[in-house]
file target.txt (compact mmCIF, N, CA and C atoms)
# COMPACT_ATOMS: atom_id res chain seq x y z
N MET C 1 -1.49 29.45 16.17
CA MET C 1 -2.20 28.27 15.70
C MET C 1 -3.34 28.72 14.77
N THR C 2 -3.54 27.97 13.72
CA THR C 2 -4.62 28.24 12.78
C THR C 2 -5.95 28.00 13.48
N GLN C 3 -6.83 28.99 13.44
CA GLN C 3 -8.15 28.86 14.05
C GLN C 3 -9.11 28.23 13.05
N ILE C 4 -9.68 27.11 13.45
CA ILE C 4 -10.59 26.36 12.59
C ILE C 4 -11.93 26.25 13.30
N SER C 5 -13.00 26.61 12.60
CA SER C 5 -14.34 26.52 13.18
C SER C 5 -14.75 25.05 13.31
N ALA C 6 -15.82 24.83 14.05
CA ALA C 6 -16.32 23.46 14.25
C ALA C 6 -16.71 22.82 12.91
N SER C 7 -17.34 23.58 12.04
CA SER C 7 -17.73 23.06 10.73
C SER C 7 -16.52 22.76 9.86
N GLU C 8 -15.54 23.66 9.90
CA GLU C 8 -14.31 23.43 9.14
C GLU C 8 -13.58 22.21 9.67
N LEU C 9 -13.65 22.00 10.98
CA LEU C 9 -13.00 20.83 11.57
C LEU C 9 -13.62 19.53 11.05
N GLU C 10 -14.92 19.54 10.82
CA GLU C 10 -15.57 18.34 10.26
C GLU C 10 -15.01 18.04 8.87
N VAL C 11 -14.78 19.08 8.08
CA VAL C 11 -14.18 18.91 6.75
C VAL C 11 -12.75 18.38 6.90
N MET C 12 -12.01 18.95 7.84
CA MET C 12 -10.63 18.48 8.07
C MET C 12 -10.62 17.01 8.46
N GLU C 13 -11.55 16.60 9.31
CA GLU C 13 -11.62 15.19 9.75
C GLU C 13 -11.75 14.26 8.55
N VAL C 14 -12.57 14.65 7.58
CA VAL C 14 -12.74 13.84 6.37
C VAL C 14 -11.42 13.73 5.62
N LEU C 15 -10.72 14.85 5.49
CA LEU C 15 -9.48 14.85 4.72
C LEU C 15 -8.30 14.26 5.49
N TRP C 16 -8.31 14.33 6.80
CA TRP C 16 -7.29 13.62 7.57
C TRP C 16 -7.47 12.11 7.40
N ALA C 17 -8.71 11.67 7.35
CA ALA C 17 -8.99 10.24 7.19
C ALA C 17 -8.65 9.75 5.78
N LYS C 18 -8.88 10.62 4.79
CA LYS C 18 -8.64 10.23 3.40
C LYS C 18 -8.18 11.45 2.60
N PRO C 19 -6.88 11.74 2.62
CA PRO C 19 -6.37 12.90 1.89
C PRO C 19 -6.53 12.74 0.38
N GLY C 20 -6.62 13.87 -0.31
CA GLY C 20 -6.65 13.84 -1.77
C GLY C 20 -8.03 13.70 -2.36
N LEU C 21 -9.04 14.15 -1.65
CA LEU C 21 -10.40 14.08 -2.17
C LEU C 21 -10.76 15.37 -2.90
N ALA C 22 -11.66 15.25 -3.85
CA ALA C 22 -12.24 16.41 -4.51
C ALA C 22 -13.38 16.94 -3.65
N ALA C 23 -13.82 18.15 -3.92
CA ALA C 23 -14.92 18.76 -3.15
C ALA C 23 -16.16 17.87 -3.17
N SER C 24 -16.46 17.30 -4.31
CA SER C 24 -17.65 16.43 -4.41
C SER C 24 -17.52 15.20 -3.53
N ASP C 25 -16.30 14.67 -3.40
CA ASP C 25 -16.08 13.51 -2.53
C ASP C 25 -16.24 13.88 -1.06
N VAL C 26 -15.74 15.06 -0.69
CA VAL C 26 -15.90 15.53 0.69
C VAL C 26 -17.38 15.72 0.97
N HIS C 27 -18.09 16.33 0.03
CA HIS C 27 -19.53 16.55 0.18
C HIS C 27 -20.27 15.23 0.36
N GLU C 28 -19.92 14.26 -0.45
CA GLU C 28 -20.56 12.94 -0.37
C GLU C 28 -20.28 12.28 0.97
N THR C 29 -19.05 12.36 1.45
CA THR C 29 -18.67 11.76 2.72
C THR C 29 -19.43 12.40 3.87
N LEU C 30 -19.60 13.72 3.82
CA LEU C 30 -20.32 14.43 4.88
C LEU C 30 -21.83 14.30 4.75
N GLY C 31 -22.29 13.81 3.62
CA GLY C 31 -23.72 13.75 3.34
C GLY C 31 -24.55 13.06 4.40
N ASP C 32 -24.03 12.00 4.97
CA ASP C 32 -24.79 11.27 5.98
C ASP C 32 -24.87 12.04 7.29
N GLU C 33 -23.85 12.83 7.58
CA GLU C 33 -23.79 13.55 8.84
C GLU C 33 -24.38 14.95 8.75
N ARG C 34 -24.19 15.60 7.63
CA ARG C 34 -24.59 17.00 7.46
C ARG C 34 -25.43 17.17 6.21
N ASP C 35 -26.35 18.08 6.29
CA ASP C 35 -27.19 18.39 5.14
C ASP C 35 -26.68 19.66 4.47
N TRP C 36 -25.38 19.68 4.18
CA TRP C 36 -24.77 20.83 3.53
C TRP C 36 -24.82 20.64 2.02
N ASN C 37 -25.05 21.73 1.29
CA ASN C 37 -24.98 21.60 -0.16
C ASN C 37 -23.51 21.71 -0.59
N ILE C 38 -23.25 21.42 -1.83
CA ILE C 38 -21.87 21.39 -2.33
C ILE C 38 -21.21 22.76 -2.22
N ARG C 39 -22.00 23.84 -2.41
CA ARG C 39 -21.41 25.19 -2.31
C ARG C 39 -20.91 25.47 -0.89
N THR C 40 -21.63 24.98 0.10
CA THR C 40 -21.20 25.16 1.49
C THR C 40 -19.88 24.45 1.73
N VAL C 41 -19.78 23.22 1.25
CA VAL C 41 -18.53 22.46 1.41
C VAL C 41 -17.39 23.17 0.69
N LYS C 42 -17.63 23.67 -0.51
CA LYS C 42 -16.59 24.38 -1.26
C LYS C 42 -16.17 25.65 -0.52
N THR C 43 -17.10 26.31 0.13
CA THR C 43 -16.76 27.51 0.91
C THR C 43 -15.83 27.13 2.06
N PHE C 44 -16.15 26.05 2.78
CA PHE C 44 -15.28 25.60 3.88
C PHE C 44 -13.90 25.22 3.35
N LEU C 45 -13.87 24.52 2.23
CA LEU C 45 -12.59 24.13 1.64
C LEU C 45 -11.76 25.36 1.27
N SER C 46 -12.40 26.35 0.66
CA SER C 46 -11.69 27.58 0.29
C SER C 46 -11.14 28.30 1.52
N ARG C 47 -11.94 28.37 2.57
CA ARG C 47 -11.48 29.02 3.79
C ARG C 47 -10.27 28.29 4.38
N LEU C 48 -10.34 26.97 4.36
CA LEU C 48 -9.24 26.17 4.91
C LEU C 48 -7.96 26.32 4.08
N VAL C 49 -8.11 26.47 2.77
CA VAL C 49 -6.95 26.73 1.92
C VAL C 49 -6.37 28.11 2.25
N GLU C 50 -7.24 29.11 2.40
CA GLU C 50 -6.79 30.47 2.73
C GLU C 50 -6.06 30.49 4.07
N LYS C 51 -6.51 29.70 5.01
CA LYS C 51 -5.90 29.64 6.35
C LYS C 51 -4.61 28.83 6.37
N GLY C 52 -4.32 28.14 5.27
CA GLY C 52 -3.12 27.32 5.21
C GLY C 52 -3.28 25.95 5.82
N ALA C 53 -4.52 25.55 6.09
CA ALA C 53 -4.78 24.23 6.67
C ALA C 53 -4.82 23.14 5.60
N LEU C 54 -5.17 23.54 4.38
CA LEU C 54 -5.24 22.61 3.24
C LEU C 54 -4.42 23.17 2.08
N LYS C 55 -3.99 22.26 1.22
CA LYS C 55 -3.39 22.67 -0.05
C LYS C 55 -4.16 21.96 -1.15
N THR C 56 -4.07 22.50 -2.36
CA THR C 56 -4.77 21.90 -3.49
C THR C 56 -3.77 21.41 -4.53
N VAL C 57 -4.20 20.40 -5.26
CA VAL C 57 -3.45 19.89 -6.40
C VAL C 57 -4.45 19.76 -7.54
N GLU C 58 -4.10 20.36 -8.69
CA GLU C 58 -5.00 20.27 -9.84
C GLU C 58 -5.04 18.85 -10.36
N ASP C 59 -6.25 18.41 -10.68
CA ASP C 59 -6.47 17.08 -11.25
C ASP C 59 -7.48 17.25 -12.38
N GLY C 60 -6.97 17.60 -13.55
CA GLY C 60 -7.86 17.90 -14.67
C GLY C 60 -8.59 19.20 -14.41
N ARG C 61 -9.92 19.13 -14.39
CA ARG C 61 -10.74 20.33 -14.18
C ARG C 61 -11.16 20.50 -12.72
N ARG C 62 -10.63 19.70 -11.85
CA ARG C 62 -11.00 19.80 -10.44
C ARG C 62 -9.75 19.90 -9.58
N TYR C 63 -9.98 20.19 -8.32
CA TYR C 63 -8.89 20.25 -7.35
C TYR C 63 -9.04 19.14 -6.34
N LEU C 64 -7.91 18.59 -5.95
CA LEU C 64 -7.87 17.62 -4.85
C LEU C 64 -7.31 18.34 -3.63
N TYR C 65 -7.84 18.03 -2.48
CA TYR C 65 -7.48 18.73 -1.24
C TYR C 65 -6.67 17.81 -0.33
N PHE C 66 -5.59 18.38 0.20
CA PHE C 66 -4.70 17.64 1.09
C PHE C 66 -4.45 18.46 2.36
N PRO C 67 -4.50 17.83 3.53
CA PRO C 67 -4.20 18.55 4.76
C PRO C 67 -2.74 19.00 4.82
N VAL C 68 -2.53 20.21 5.27
CA VAL C 68 -1.20 20.73 5.55
C VAL C 68 -0.93 20.55 7.05
N LEU C 69 -1.98 20.77 7.84
CA LEU C 69 -1.86 20.61 9.29
C LEU C 69 -1.84 19.14 9.67
N ASP C 70 -0.94 18.78 10.56
CA ASP C 70 -0.91 17.43 11.09
C ASP C 70 -2.05 17.29 12.11
N GLU C 71 -2.83 16.23 11.98
CA GLU C 71 -3.99 16.04 12.85
C GLU C 71 -3.62 15.99 14.33
N ALA C 72 -2.65 15.17 14.68
CA ALA C 72 -2.29 15.01 16.09
C ALA C 72 -1.74 16.33 16.66
N GLU C 73 -0.92 17.02 15.90
CA GLU C 73 -0.36 18.29 16.38
C GLU C 73 -1.46 19.33 16.55
N TYR C 74 -2.38 19.42 15.60
CA TYR C 74 -3.47 20.38 15.69
C TYR C 74 -4.33 20.10 16.92
N LYS C 75 -4.71 18.85 17.10
CA LYS C 75 -5.59 18.50 18.22
C LYS C 75 -4.90 18.71 19.56
N ALA C 76 -3.61 18.42 19.63
CA ALA C 76 -2.87 18.64 20.88
C ALA C 76 -2.84 20.13 21.21
N GLU C 77 -2.55 20.96 20.23
CA GLU C 77 -2.51 22.41 20.45
C GLU C 77 -3.89 22.95 20.81
N ALA C 78 -4.92 22.49 20.11
CA ALA C 78 -6.29 22.95 20.39
C ALA C 78 -6.70 22.54 21.81
N ALA C 79 -6.36 21.33 22.22
CA ALA C 79 -6.69 20.87 23.57
C ALA C 79 -5.96 21.70 24.62
N THR C 80 -4.69 21.99 24.37
CA THR C 80 -3.91 22.80 25.31
C THR C 80 -4.51 24.19 25.44
N GLN C 81 -4.87 24.80 24.32
CA GLN C 81 -5.48 26.13 24.37
C GLN C 81 -6.81 26.11 25.12
N PHE C 82 -7.61 25.06 24.90
CA PHE C 82 -8.90 24.93 25.60
C PHE C 82 -8.68 24.80 27.10
N ILE C 83 -7.77 23.94 27.50
CA ILE C 83 -7.50 23.73 28.93
C ILE C 83 -6.96 25.01 29.55
N ASP C 84 -6.08 25.70 28.84
CA ASP C 84 -5.56 26.97 29.35
C ASP C 84 -6.67 28.00 29.54
N ARG C 85 -7.55 28.10 28.57
CA ARG C 85 -8.59 29.11 28.58
C ARG C 85 -9.70 28.80 29.58
N VAL C 86 -10.15 27.55 29.62
CA VAL C 86 -11.32 27.20 30.42
C VAL C 86 -10.97 26.68 31.81
N PHE C 87 -9.84 26.00 31.94
CA PHE C 87 -9.49 25.36 33.21
C PHE C 87 -8.17 25.89 33.78
N SER C 88 -7.79 27.09 33.38
CA SER C 88 -6.57 27.73 33.89
C SER C 88 -5.34 26.84 33.74
N GLY C 89 -5.30 26.07 32.70
CA GLY C 89 -4.14 25.24 32.41
C GLY C 89 -4.04 23.97 33.23
N ARG C 90 -5.07 23.65 33.98
CA ARG C 90 -5.03 22.47 34.85
C ARG C 90 -5.88 21.34 34.27
N ALA C 91 -5.31 20.15 34.21
CA ALA C 91 -6.00 19.00 33.64
C ALA C 91 -6.97 18.36 34.64
N ALA C 92 -6.64 18.38 35.93
CA ALA C 92 -7.48 17.70 36.93
C ALA C 92 -8.92 18.22 36.93
N PRO C 93 -9.15 19.55 36.91
CA PRO C 93 -10.53 20.01 36.86
C PRO C 93 -11.26 19.58 35.59
N LEU C 94 -10.53 19.49 34.49
CA LEU C 94 -11.13 19.02 33.24
C LEU C 94 -11.60 17.58 33.39
N VAL C 95 -10.74 16.72 33.91
CA VAL C 95 -11.10 15.31 34.09
C VAL C 95 -12.27 15.19 35.07
N ALA C 96 -12.24 15.97 36.15
CA ALA C 96 -13.33 15.93 37.12
C ALA C 96 -14.64 16.35 36.47
N HIS C 97 -14.60 17.39 35.64
CA HIS C 97 -15.80 17.85 34.94
C HIS C 97 -16.33 16.77 34.00
N LEU C 98 -15.44 16.15 33.25
CA LEU C 98 -15.86 15.09 32.34
C LEU C 98 -16.47 13.92 33.10
N ALA C 99 -15.88 13.57 34.23
CA ALA C 99 -16.40 12.47 35.04
C ALA C 99 -17.79 12.81 35.56
N ASP C 100 -17.99 14.05 36.00
CA ASP C 100 -19.30 14.46 36.53
C ASP C 100 -20.36 14.57 35.45
N SER C 101 -20.00 15.15 34.32
CA SER C 101 -21.00 15.44 33.30
C SER C 101 -21.29 14.28 32.36
N ARG C 102 -20.29 13.47 32.08
CA ARG C 102 -20.48 12.39 31.10
C ARG C 102 -20.33 11.01 31.71
N GLY C 103 -19.77 10.97 32.89
CA GLY C 103 -19.48 9.68 33.49
C GLY C 103 -18.29 9.04 32.82
N LEU C 104 -17.59 8.24 33.54
CA LEU C 104 -16.46 7.52 32.99
C LEU C 104 -16.77 6.04 32.99
N THR C 105 -16.52 5.39 31.87
CA THR C 105 -16.71 3.95 31.78
C THR C 105 -15.54 3.26 32.48
N LYS C 106 -15.68 1.98 32.70
CA LYS C 106 -14.58 1.21 33.28
C LYS C 106 -13.35 1.29 32.38
N GLU C 107 -13.58 1.31 31.07
CA GLU C 107 -12.48 1.40 30.12
C GLU C 107 -11.78 2.76 30.23
N ASP C 108 -12.58 3.83 30.40
CA ASP C 108 -12.01 5.17 30.57
C ASP C 108 -11.13 5.22 31.82
N ILE C 109 -11.64 4.67 32.90
CA ILE C 109 -10.91 4.68 34.17
C ILE C 109 -9.62 3.88 34.04
N ALA C 110 -9.70 2.74 33.38
CA ALA C 110 -8.50 1.92 33.19
C ALA C 110 -7.46 2.67 32.36
N GLU C 111 -7.90 3.36 31.31
CA GLU C 111 -6.96 4.14 30.48
C GLU C 111 -6.32 5.26 31.29
N LEU C 112 -7.12 5.96 32.10
CA LEU C 112 -6.59 7.03 32.92
C LEU C 112 -5.60 6.50 33.96
N GLU C 113 -5.93 5.37 34.58
CA GLU C 113 -5.02 4.78 35.56
C GLU C 113 -3.70 4.38 34.90
N LYS C 114 -3.77 3.82 33.71
CA LYS C 114 -2.56 3.44 32.99
C LYS C 114 -1.72 4.68 32.67
N LEU C 115 -2.38 5.73 32.18
CA LEU C 115 -1.68 6.96 31.84
C LEU C 115 -1.02 7.57 33.09
N LEU C 116 -1.76 7.61 34.20
CA LEU C 116 -1.21 8.17 35.43
C LEU C 116 -0.01 7.33 35.91
N GLY C 117 -0.13 6.02 35.78
CA GLY C 117 0.99 5.15 36.17
C GLY C 117 2.22 5.43 35.34
N GLU C 118 2.03 5.65 34.03
CA GLU C 118 3.18 5.95 33.16
C GLU C 118 3.78 7.32 33.49
N LEU C 119 2.92 8.28 33.86
CA LEU C 119 3.39 9.62 34.18
C LEU C 119 4.18 9.65 35.50
N LYS C 120 3.86 8.73 36.41
CA LYS C 120 4.53 8.69 37.70
C LYS C 120 5.96 8.14 37.59
N LYS C 121 6.23 7.41 36.53
CA LYS C 121 7.54 6.77 36.37
C LYS C 121 8.63 7.77 36.13
call {"tool": "encode", "arguments": {"input": "target.txt", "output": "structure tokens"}}
result
Amino acid sequence: MTQISASELEVMEVLWAKPGLAASDVHETLGDERDWNIRTVKTFLSRLVEKGALKTVEDGRRYLYFPVLDEAEYKAEAATQFIDRVFSGRAAPLVAHLADSRGLTKEDIAELEKLLGELKK
């Protein structure tokens, strides 16, 4: 699996939401959340291209960036690796930890109950 840093993941999130942006567009989108300069964003974009997570398409004098990695597949694999590494591959301790540390809303509990009901079938 392609290893993506937390900062690179923020860039990926922007491009998963809206593929085909130029570096300046990614920078502008992240502007409210991060105080990164354009060179920092371009560095992350270059790293992601080198890792095979993004591809570029020339558009005049600039490049447009498109995700190569599927968002759902990447997140599923990353979650599996995290659970394997931190919780010995077991989901129950993860859910228990989340419930203890963050609390579960009524909506969270309802979603978990629905998921468990579907899994029991």
call {"tool": "residues_around", "arguments": {"input": "target.txt", "residues": "C:Pro19", "least_positions_apart": "5", "cutoff": "9 Å", "atoms": "only C-alpha atoms", "output": "list in words"}}
result
Val14, Leu64, Tyr65, Phe66 and Pro67 of chain C
call {"tool": "closest_residue", "arguments": {"input": "target.txt", "among": "C:Glu111, C:Asp59, C:Asp84, C:Glu8", "to": "C:Phe44", "atoms": "all atoms listed in the file"}}
result
C:Glu8
call {"tool": "atom_distance", "arguments": {"input": "target.txt", "atom1": "atom N of C:Ser24", "atom2": "atom CA of C:Lys42"}}
result
7.7 Å
call {"tool": "atom_distance", "arguments": {"input": "target.txt", "atom1": "atom N of C:Arg47", "atom2": "atom CA of C:Leu9"}}
result
11.8 Å
call {"tool": "select_by_dssp", "arguments": {"input": "target.txt", "residues": "stretch 19-88 of chain C", "states": "alpha helix (DSSP H)", "output": "PyMOL selection string"}}
result
chain C and resi 23-30+38-50+71-87
call {"tool": "write_last_selection", "arguments": {"input": "target.txt", "atoms": "N, CA and C atoms", "output": "mmCIF file, keeping the file's coordinate frame"}}
result
data_model
loop_
_atom_site.group_PDB
_atom_site.id
_atom_site.type_symbol
_atom_site.label_atom_id
_atom_site.label_comp_id
_atom_site.auth_asym_id
_atom_site.auth_seq_id
_atom_site.Cartn_x
_atom_site.Cartn_y
_atom_site.Cartn_z
ATOM 1 N N ALA C 23 -13.820 18.150 -3.920
ATOM 2 C CA ALA C 23 -14.920 18.760 -3.150
ATOM 3 C C ALA C 23 -16.160 17.870 -3.170
ATOM 4 N N SER C 24 -16.460 17.300 -4.310
ATOM 5 C CA SER C 24 -17.650 16.430 -4.410
ATOM 6 C C SER C 24 -17.520 15.200 -3.530
ATOM 7 N N ASP C 25 -16.300 14.670 -3.400
ATOM 8 C CA ASP C 25 -16.080 13.510 -2.530
ATOM 9 C C ASP C 25 -16.240 13.880 -1.060
ATOM 10 N N VAL C 26 -15.740 15.060 -0.690
ATOM 11 C CA VAL C 26 -15.900 15.530 0.690
ATOM 12 C C VAL C 26 -17.380 15.720 0.970
ATOM 13 N N HIS C 27 -18.090 16.330 0.030
ATOM 14 C CA HIS C 27 -19.530 16.550 0.180
ATOM 15 C C HIS C 27 -20.270 15.230 0.360
ATOM 16 N N GLU C 28 -19.920 14.260 -0.450
ATOM 17 C CA GLU C 28 -20.560 12.940 -0.370
ATOM 18 C C GLU C 28 -20.280 12.280 0.970
ATOM 19 N N THR C 29 -19.050 12.360 1.450
ATOM 20 C CA THR C 29 -18.670 11.760 2.720
ATOM 21 C C THR C 29 -19.430 12.400 3.870
ATOM 22 N N LEU C 30 -19.600 13.720 3.820
ATOM 23 C CA LEU C 30 -20.320 14.430 4.880
ATOM 24 C C LEU C 30 -21.830 14.300 4.750
ATOM 25 N N ILE C 38 -23.250 21.420 -1.830
ATOM 26 C CA ILE C 38 -21.870 21.390 -2.330
ATOM 27 C C ILE C 38 -21.210 22.760 -2.220
ATOM 28 N N ARG C 39 -22.000 23.840 -2.410
ATOM 29 C CA ARG C 39 -21.410 25.190 -2.310
ATOM 30 C C ARG C 39 -20.910 25.470 -0.890
ATOM 31 N N THR C 40 -21.630 24.980 0.100
ATOM 32 C CA THR C 40 -21.200 25.160 1.490
ATOM 33 C C THR C 40 -19.880 24.450 1.730
ATOM 34 N N VAL C 41 -19.780 23.220 1.250
ATOM 35 C CA VAL C 41 -18.530 22.460 1.410
ATOM 36 C C VAL C 41 -17.390 23.170 0.690
ATOM 37 N N LYS C 42 -17.630 23.670 -0.510
ATOM 38 C CA LYS C 42 -16.590 24.380 -1.260
ATOM 39 C C LYS C 42 -16.170 25.650 -0.520
ATOM 40 N N THR C 43 -17.100 26.310 0.130
ATOM 41 C CA THR C 43 -16.760 27.510 0.910
ATOM 42 C C THR C 43 -15.830 27.130 2.060
ATOM 43 N N PHE C 44 -16.150 26.050 2.780
ATOM 44 C CA PHE C 44 -15.280 25.600 3.880
ATOM 45 C C PHE C 44 -13.900 25.220 3.350
ATOM 46 N N LEU C 45 -13.870 24.520 2.230
ATOM 47 C CA LEU C 45 -12.590 24.130 1.640
ATOM 48 C C LEU C 45 -11.760 25.360 1.270
ATOM 49 N N SER C 46 -12.400 26.350 0.660
ATOM 50 C CA SER C 46 -11.690 27.580 0.290
ATOM 51 C C SER C 46 -11.140 28.300 1.520
ATOM 52 N N ARG C 47 -11.940 28.370 2.570
ATOM 53 C CA ARG C 47 -11.480 29.020 3.790
ATOM 54 C C ARG C 47 -10.270 28.290 4.380
ATOM 55 N N LEU C 48 -10.340 26.970 4.360
ATOM 56 C CA LEU C 48 -9.240 26.170 4.910
ATOM 57 C C LEU C 48 -7.960 26.320 4.080
ATOM 58 N N VAL C 49 -8.110 26.470 2.770
ATOM 59 C CA VAL C 49 -6.950 26.730 1.920
ATOM 60 C C VAL C 49 -6.370 28.110 2.250
ATOM 61 N N GLU C 50 -7.240 29.110 2.400
ATOM 62 C CA GLU C 50 -6.790 30.470 2.730
ATOM 63 C C GLU C 50 -6.060 30.490 4.070
ATOM 64 N N GLU C 71 -2.830 16.230 11.980
ATOM 65 C CA GLU C 71 -3.990 16.040 12.850
ATOM 66 C C GLU C 71 -3.620 15.990 14.330
ATOM 67 N N ALA C 72 -2.650 15.170 14.680
ATOM 68 C CA ALA C 72 -2.290 15.010 16.090
ATOM 69 C C ALA C 72 -1.740 16.330 16.660
ATOM 70 N N GLU C 73 -0.920 17.020 15.900
ATOM 71 C CA GLU C 73 -0.360 18.290 16.380
ATOM 72 C C GLU C 73 -1.460 19.330 16.550
ATOM 73 N N TYR C 74 -2.380 19.420 15.600
ATOM 74 C CA TYR C 74 -3.470 20.380 15.690
ATOM 75 C C TYR C 74 -4.330 20.100 16.920
ATOM 76 N N LYS C 75 -4.710 18.850 17.100
ATOM 77 C CA LYS C 75 -5.590 18.500 18.220
ATOM 78 C C LYS C 75 -4.900 18.710 19.560
ATOM 79 N N ALA C 76 -3.610 18.420 19.630
ATOM 80 C CA ALA C 76 -2.870 18.640 20.880
ATOM 81 C C ALA C 76 -2.840 20.130 21.210
ATOM 82 N N GLU C 77 -2.550 20.960 20.230
ATOM 83 C CA GLU C 77 -2.510 22.410 20.450
ATOM 84 C C GLU C 77 -3.890 22.950 20.810
ATOM 85 N N ALA C 78 -4.920 22.490 20.110
ATOM 86 C CA ALA C 78 -6.290 22.950 20.390
ATOM 87 C C ALA C 78 -6.700 22.540 21.810
ATOM 88 N N ALA C 79 -6.360 21.330 22.220
ATOM 89 C CA ALA C 79 -6.690 20.870 23.570
ATOM 90 C C ALA C 79 -5.960 21.700 24.620
ATOM 91 N N THR C 80 -4.690 21.990 24.370
ATOM 92 C CA THR C 80 -3.910 22.800 25.310
ATOM 93 C C THR C 80 -4.510 24.190 25.440
ATOM 94 N N GLN C 81 -4.870 24.800 24.320
ATOM 95 C CA GLN C 81 -5.480 26.130 24.370
ATOM 96 C C GLN C 81 -6.810 26.110 25.120
ATOM 97 N N PHE C 82 -7.610 25.060 24.900
ATOM 98 C CA PHE C 82 -8.900 24.930 25.600
ATOM 99 C C PHE C 82 -8.680 24.800 27.100
ATOM 100 N N ILE C 83 -7.770 23.940 27.500
ATOM 101 C CA ILE C 83 -7.500 23.730 28.930
ATOM 102 C C ILE C 83 -6.960 25.010 29.550
ATOM 103 N N ASP C 84 -6.080 25.700 28.840
ATOM 104 C CA ASP C 84 -5.560 26.970 29.350
ATOM 105 C C ASP C 84 -6.670 28.000 29.540
ATOM 106 N N ARG C 85 -7.550 28.100 28.570
ATOM 107 C CA ARG C 85 -8.590 29.110 28.580
ATOM 108 C C ARG C 85 -9.700 28.800 29.580
ATOM 109 N N VAL C 86 -10.150 27.550 29.620
ATOM 110 C CA VAL C 86 -11.320 27.200 30.420
ATOM 111 C C VAL C 86 -10.970 26.680 31.810
ATOM 112 N N PHE C 87 -9.840 26.000 31.940
ATOM 113 C CA PHE C 87 -9.490 25.360 33.210
ATOM 114 C C PHE C 87 -8.170 25.890 33.780
#
call {"tool": "residues_around", "arguments": {"input": "target.txt", "residues": "C:Thr2", "least_positions_apart": "2", "cutoff": "8 Å", "atoms": "all atoms listed in the file", "output": "ChimeraX atom specification"}}
result
/C:4-5,51-53,74
call {"tool": "atom_distance", "arguments": {"input": "target.txt", "atom1": "atom C of C:Met1", "atom2": "atom CA of C:Glu77"}}
result
8.5 Å
call {"tool": "closest_residue", "arguments": {"input": "target.txt", "among": "C:Lys114, C:Leu45, C:Glu28, C:Lys120", "to": "C:Val11", "atoms": "only N, CA and C atoms"}}
result
C:Leu45
call {"tool": "select_by_dssp", "arguments": {"input": "target.txt", "residues": "chain C", "states": "strand (DSSP E or B)", "output": "MDAnalysis selection string"}}
result
chainID C and resid 21:22 54:59 62:67
call {"tool": "closest_residue", "arguments": {"input": "target.txt", "among": "C:Pro93, C:Arg102, C:Ala23, C:Phe82", "to": "C:Asn37", "atoms": "only C-alpha atoms"}}
result
C:Ala23
call {"tool": "build_atoms", "arguments": {"input": "target.txt", "residues": "stretch 29-33 of chain C", "atoms": "all heavy atoms", "output": "tab-separated table (two decimals), in the frame of the given file"}}
result
chain	number	residue	atom	x	y	z
C	29	THR	N	-19.05	12.36	1.45
C	29	THR	CA	-18.67	11.76	2.72
C	29	THR	C	-19.43	12.40	3.87
C	29	THR	O	-19.88	11.71	4.79
C	29	THR	CB	-17.15	11.90	2.95
C	29	THR	OG1	-16.47	11.26	1.87
C	29	THR	CG2	-16.74	11.25	4.26
C	30	LEU	N	-19.60	13.72	3.82
C	30	LEU	CA	-20.32	14.43	4.88
C	30	LEU	C	-21.83	14.30	4.75
C	30	LEU	O	-22.55	14.63	5.69
C	30	LEU	CB	-19.93	15.91	4.86
C	30	LEU	CG	-18.53	16.24	5.32
C	30	LEU	CD1	-18.19	17.69	4.97
C	30	LEU	CD2	-18.37	15.99	6.80
C	31	GLY	N	-22.29	13.81	3.62
C	31	GLY	CA	-23.72	13.75	3.34
C	31	GLY	C	-24.55	13.06	4.40
C	31	GLY	O	-25.66	13.50	4.71
C	32	ASP	N	-24.03	12.00	4.97
C	32	ASP	CA	-24.79	11.27	5.98
C	32	ASP	C	-24.87	12.04	7.29
C	32	ASP	O	-25.84	11.91	8.03
C	32	ASP	CB	-24.14	9.90	6.24
C	32	ASP	CG	-24.21	9.00	5.02
C	32	ASP	OD1	-25.08	9.23	4.16
C	32	ASP	OD2	-23.40	8.06	4.94
C	33	GLU	N	-23.85	12.83	7.58
C	33	GLU	CA	-23.79	13.55	8.84
C	33	GLU	C	-24.38	14.95	8.75
C	33	GLU	O	-24.96	15.44	9.71
C	33	GLU	CB	-22.33	13.66	9.31
C	33	GLU	CG	-21.66	12.33	9.52
C	33	GLU	CD	-20.16	12.48	9.75
C	33	GLU	OE1	-19.72	13.54	10.21
C	33	GLU	OE2	-19.44	11.52	9.46
